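Written below as structure tokens is the structure these notes are about.
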Amino acid sequence: MTRFVVDCEILLGIAAGEIEVSAGHQLLAPTLVRSQALSAMYERARRGEISVAEGIEQVTRMNSLKIRFLGDKVLQRTAWRVAHELAWETTYDAEFVALTPLQADIFVTSDGDLARAVSGLVETATSDALRTA
């Protein structure tokens, strides 16, 4: 079993049925991703990209996914250290990066710039890694 940390865009793709996850994988994310995903779906509905009903359905699907959400003090301290080391303005992305060595094997992100920025800290992959066993 491979454990993957997934970012907000990946989580949204899974909830929308656009990204398939092999049954042999375990998904993890920092707890903040729930608020990020909720806000992103709401924004898409406000812009007319999806209907309100689709947004609510995707929120429901997201909440029913087998994903472990974590946000303990060890993660917070590690995220602080990562953000400081990389001179980032916030700790949001750092939580995903910090969670990877603490609980997972690979960080899955659709953000190529972020993947390059953390390539020396954690292993990264695209959503294609979730499809294979």
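In the structure tokens, chains take the letters A, B, ... in the order shown, each chain's residues start at 1, and ligands count up from 1 in the order shown.
If you count only C-alpha atoms and ignore residues fewer than 2 places along the chain from Ala15 (chain A), what sits within 6 Å of it is Leu12, Gly13, Gly17, Gln58, Arg61 and Met62 of chain A.
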- [ ] For Ala23 (chain A), please output as a ChimeraX atom specification all residues within 9 Å (counting only C-alpha atoms; exclusion window: fewer than 2 positions along the same chain).
- [x] /A:21,25-26,131,133
Can you spit out the residues from that selection as a short mmCIF file (atom, residue, chain, number, x, y, z; two decimals), in the first residue's frame, using all heavy atoms?
data_model
loop_
_atom_site.label_atom_id
_atom_site.label_comp_id
_atom_site.auth_asym_id
_atom_site.auth_seq_id
_atom_site.Cartn_x
_atom_site.Cartn_y
_atom_site.Cartn_z
N VAL A 21 -8.64 6.64 -8.07
CA VAL A 21 -7.66 6.21 -7.07
C VAL A 21 -7.72 4.69 -6.96
O VAL A 21 -8.78 4.12 -6.71
CB VAL A 21 -7.94 6.85 -5.69
CG1 VAL A 21 -6.91 6.37 -4.67
CG2 VAL A 21 -7.95 8.36 -5.79
N HIS A 25 -4.35 2.17 -2.41
CA HIS A 25 -3.69 3.36 -1.89
C HIS A 25 -4.44 3.95 -0.70
O HIS A 25 -5.66 3.83 -0.60
CB HIS A 25 -3.60 4.44 -2.96
CG HIS A 25 -2.79 4.05 -4.15
ND1 HIS A 25 -1.62 3.33 -4.07
CD2 HIS A 25 -2.99 4.26 -5.47
CE1 HIS A 25 -1.13 3.14 -5.27
NE2 HIS A 25 -1.95 3.69 -6.15
N GLN A 26 -3.70 4.61 0.17
CA GLN A 26 -4.29 5.35 1.28
C GLN A 26 -4.03 6.83 1.03
O GLN A 26 -2.92 7.22 0.68
CB GLN A 26 -3.67 4.94 2.61
CG GLN A 26 -4.28 5.66 3.79
CD GLN A 26 -3.65 5.27 5.12
OE1 GLN A 26 -2.68 4.53 5.17
NE2 GLN A 26 -4.20 5.78 6.19
N ARG A 131 -3.65 6.29 -9.89
CA ARG A 131 -4.38 5.30 -10.70
C ARG A 131 -3.75 3.92 -10.69
O ARG A 131 -4.41 2.93 -10.90
CB ARG A 131 -4.50 5.80 -12.13
CG ARG A 131 -5.37 7.01 -12.28
CD ARG A 131 -5.49 7.42 -13.75
NE ARG A 131 -6.34 8.59 -13.86
CZ ARG A 131 -5.89 9.84 -13.93
NH1 ARG A 131 -4.60 10.08 -13.89
NH2 ARG A 131 -6.73 10.84 -14.02
N ALA A 133 -1.63 0.66 -9.22
CA ALA A 133 -1.53 -0.10 -7.96
C ALA A 133 -0.11 -0.26 -7.50
O ALA A 133 0.82 -0.14 -8.21
CB ALA A 133 -2.18 -1.46 -8.11
#
Open item on the list: With distances taken over only C-alpha atoms, which residue among A:Ala125, A:Val5, A:Leu27, A:Ile19 lies nearest Arg68 (chain A)?
Closed with: A:Leu27
Open item on the list: as a PyMOL selection string, please: the residues near region 109-114 of chain A (cut-off 10 Å, only C-alpha atoms, same-chain neighbours under 5 positions excluded).
Closed with: chain A and resi 5-11+93-94+96-97+119+124-127
Selection from above, N, CA, C and O atoms, as a PDB file, in the first residue's frame, can you write it?
ATOM      1  N   VAL A   5      -0.139  11.925   0.163  1.00  0.00           N
ATOM      2  CA  VAL A   5      -0.712  13.193   0.603  1.00  0.00           C
ATOM      3  C   VAL A   5      -1.237  13.863  -0.660  1.00  0.00           C
ATOM      4  O   VAL A   5      -0.526  13.958  -1.664  1.00  0.00           O
ATOM      5  N   VAL A   6      -2.490  14.310  -0.624  1.00  0.00           N
ATOM      6  CA  VAL A   6      -3.083  14.967  -1.789  1.00  0.00           C
ATOM      7  C   VAL A   6      -3.388  16.424  -1.465  1.00  0.00           C
ATOM      8  O   VAL A   6      -3.807  16.752  -0.363  1.00  0.00           O
ATOM      9  N   ASP A   7      -3.159  17.292  -2.457  1.00  0.00           N
ATOM     10  CA  ASP A   7      -3.461  18.707  -2.253  1.00  0.00           C
ATOM     11  C   ASP A   7      -4.905  19.003  -2.646  1.00  0.00           C
ATOM     12  O   ASP A   7      -5.653  18.105  -3.042  1.00  0.00           O
ATOM     13  N   CYS A   8      -5.298  20.241  -2.525  1.00  0.00           N
ATOM     14  CA  CYS A   8      -6.686  20.638  -2.739  1.00  0.00           C
ATOM     15  C   CYS A   8      -7.166  20.329  -4.156  1.00  0.00           C
ATOM     16  O   CYS A   8      -8.253  19.769  -4.339  1.00  0.00           O
ATOM     17  N   GLU A   9      -6.385  20.678  -5.159  1.00  0.00           N
ATOM     18  CA  GLU A   9      -6.821  20.438  -6.547  1.00  0.00           C
ATOM     19  C   GLU A   9      -6.979  18.956  -6.832  1.00  0.00           C
ATOM     20  O   GLU A   9      -7.904  18.550  -7.543  1.00  0.00           O
ATOM     21  N   ILE A  10      -6.105  18.146  -6.279  1.00  0.00           N
ATOM     22  CA  ILE A  10      -6.221  16.698  -6.465  1.00  0.00           C
ATOM     23  C   ILE A  10      -7.475  16.197  -5.760  1.00  0.00           C
ATOM     24  O   ILE A  10      -8.246  15.408  -6.317  1.00  0.00           O
ATOM     25  N   LEU A  11      -7.703  16.650  -4.547  1.00  0.00           N
ATOM     26  CA  LEU A  11      -8.904  16.258  -3.808  1.00  0.00           C
ATOM     27  C   LEU A  11     -10.160  16.646  -4.576  1.00  0.00           C
ATOM     28  O   LEU A  11     -11.112  15.865  -4.670  1.00  0.00           O
ATOM     29  N   ASP A  93       0.890  25.591   2.120  1.00  0.00           N
ATOM     30  CA  ASP A  93       1.520  24.526   1.327  1.00  0.00           C
ATOM     31  C   ASP A  93       2.469  23.694   2.183  1.00  0.00           C
ATOM     32  O   ASP A  93       2.625  22.489   1.957  1.00  0.00           O
ATOM     33  N   ALA A  94       3.071  24.330   3.156  1.00  0.00           N
ATOM     34  CA  ALA A  94       4.018  23.620   4.015  1.00  0.00           C
ATOM     35  C   ALA A  94       3.351  22.486   4.792  1.00  0.00           C
ATOM     36  O   ALA A  94       3.999  21.493   5.111  1.00  0.00           O
ATOM     37  N   PHE A  96       1.120  20.398   3.662  1.00  0.00           N
ATOM     38  CA  PHE A  96       1.107  19.231   2.774  1.00  0.00           C
ATOM     39  C   PHE A  96       2.487  18.609   2.690  1.00  0.00           C
ATOM     40  O   PHE A  96       2.646  17.387   2.764  1.00  0.00           O
ATOM     41  N   VAL A  97       3.486  19.467   2.557  1.00  0.00           N
ATOM     42  CA  VAL A  97       4.870  19.008   2.466  1.00  0.00           C
ATOM     43  C   VAL A  97       5.291  18.339   3.767  1.00  0.00           C
ATOM     44  O   VAL A  97       5.883  17.261   3.764  1.00  0.00           O
ATOM     45  N   SER A 119      11.102  19.488  -4.301  1.00  0.00           N
ATOM     46  CA  SER A 119      11.691  18.247  -4.817  1.00  0.00           C
ATOM     47  C   SER A 119      12.841  17.721  -3.967  1.00  0.00           C
ATOM     48  O   SER A 119      13.047  16.520  -3.906  1.00  0.00           O
ATOM     49  N   THR A 124       7.470  13.755  -5.016  1.00  0.00           N
ATOM     50  CA  THR A 124       6.205  14.268  -5.527  1.00  0.00           C
ATOM     51  C   THR A 124       5.779  13.460  -6.748  1.00  0.00           C
ATOM     52  O   THR A 124       6.603  12.787  -7.384  1.00  0.00           O
ATOM     53  N   ALA A 125       4.487  13.559  -7.049  1.00  0.00           N
ATOM     54  CA  ALA A 125       3.945  12.880  -8.228  1.00  0.00           C
ATOM     55  C   ALA A 125       2.710  13.626  -8.701  1.00  0.00           C
ATOM     56  O   ALA A 125       2.157  14.458  -7.975  1.00  0.00           O
ATOM     57  N   THR A 126       2.280  13.300  -9.909  1.00  0.00           N
ATOM     58  CA  THR A 126       1.034  13.844 -10.439  1.00  0.00           C
ATOM     59  C   THR A 126      -0.083  12.867 -10.115  1.00  0.00           C
ATOM     60  O   THR A 126       0.152  11.782  -9.594  1.00  0.00           O
ATOM     61  N   SER A 127      -1.298  13.236 -10.480  1.00  0.00           N
ATOM     62  CA  SER A 127      -2.463  12.388 -10.190  1.00  0.00           C
ATOM     63  C   SER A 127      -2.389  11.025 -10.856  1.00  0.00           C
ATOM     64  O   SER A 127      -3.032  10.083 -10.401  1.00  0.00           O
TER      65      SER A 127
END
TODO: Excluding Glu54 (chain A) and any residue of its chain fewer than 5 positions from it, enumerate the residues within 12 Å of it, using only C-alpha atoms, and give them as a ChimeraX atom specification.
DONE: /A:15-17,41-42,44-46,48-49,59-61
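The two atoms in question, CA of Val52 (chain A) and CA of Ala37 (chain A), are spaced 14.4 Å apart.
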TODO: Within region 8-110 of chain A, find each residue whose DSSP state, derived from the backbone, is helix (DSSP H, G or I), and express the selection as a PyMOL selection string.
DONE: chain A and resi 8-15+32-46+52-64+73-85+92-103
Using only C-alpha atoms, determine which residues lie at most 9 Å from Ala104 (chain A), disregarding the query and same-chain residues fewer than 3 positions distant; provide the list as a short mmCIF file (atom, residue, chain, number, x, y, z; two decimals) with N, CA and C atoms, in the first residue's frame.
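What landed in around06.cif:
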data_model
loop_
_atom_site.label_atom_id
_atom_site.label_comp_id
_atom_site.auth_asym_id
_atom_site.auth_seq_id
_atom_site.Cartn_x
_atom_site.Cartn_y
_atom_site.Cartn_z
N THR A 2 0.57 2.16 -0.88
CA THR A 2 1.27 3.44 -0.92
C THR A 2 0.39 4.49 -0.27
N ARG A 3 1.00 5.33 0.55
CA ARG A 3 0.28 6.42 1.21
C ARG A 3 0.62 7.72 0.50
N PHE A 4 -0.42 8.41 0.06
CA PHE A 4 -0.26 9.65 -0.68
C PHE A 4 -0.87 10.82 0.08
N VAL A 5 -0.14 11.93 0.16
CA VAL A 5 -0.71 13.19 0.60
C VAL A 5 -1.24 13.86 -0.66
N GLN A 26 -3.70 4.61 0.17
CA GLN A 26 -4.29 5.35 1.28
C GLN A 26 -4.03 6.83 1.03
N LEU A 27 -5.08 7.65 1.22
CA LEU A 27 -4.96 9.09 1.01
C LEU A 27 -4.94 9.82 2.34
N LEU A 28 -4.09 10.84 2.41
CA LEU A 28 -3.98 11.68 3.58
C LEU A 28 -3.92 13.14 3.14
N LEU A 99 3.44 16.92 6.04
CA LEU A 99 2.71 15.68 6.30
C LEU A 99 3.32 14.49 5.57
N THR A 100 3.94 14.74 4.44
CA THR A 100 4.47 13.63 3.64
C THR A 100 5.51 12.80 4.38
N PRO A 101 6.60 13.35 4.89
CA PRO A 101 7.55 12.48 5.61
C PRO A 101 7.01 11.98 6.95
N PHE A 107 3.85 12.99 -2.10
CA PHE A 107 2.96 14.15 -2.15
C PHE A 107 2.47 14.30 -3.59
#
Set the distance at 7 Å and use only C-alpha atoms: which residues neighbour Thr31 (chain A) once local chain neighbours fewer than 5 positions away are removed? I'd like the list as a short mmCIF file (atom, residue, chain, number, x, y, z; two decimals) with C-alpha atoms, in the first residue's frame.
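Saved as result31.cif:
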data_model
loop_
_atom_site.label_atom_id
_atom_site.label_comp_id
_atom_site.auth_asym_id
_atom_site.auth_seq_id
_atom_site.Cartn_x
_atom_site.Cartn_y
_atom_site.Cartn_z
CA PHE A 69 -7.22 14.27 7.64
CA LEU A 70 -4.47 15.26 10.07
CA GLY A 71 -3.60 18.49 11.87
#
Open item on the list: Run DSSP on the backbone and tell me which residues of chain A come out as strand (DSSP E or B); list them as number ranges by chain.
Closed with: A: 2-6, 25-30, 67-70, 106-108, 124-125
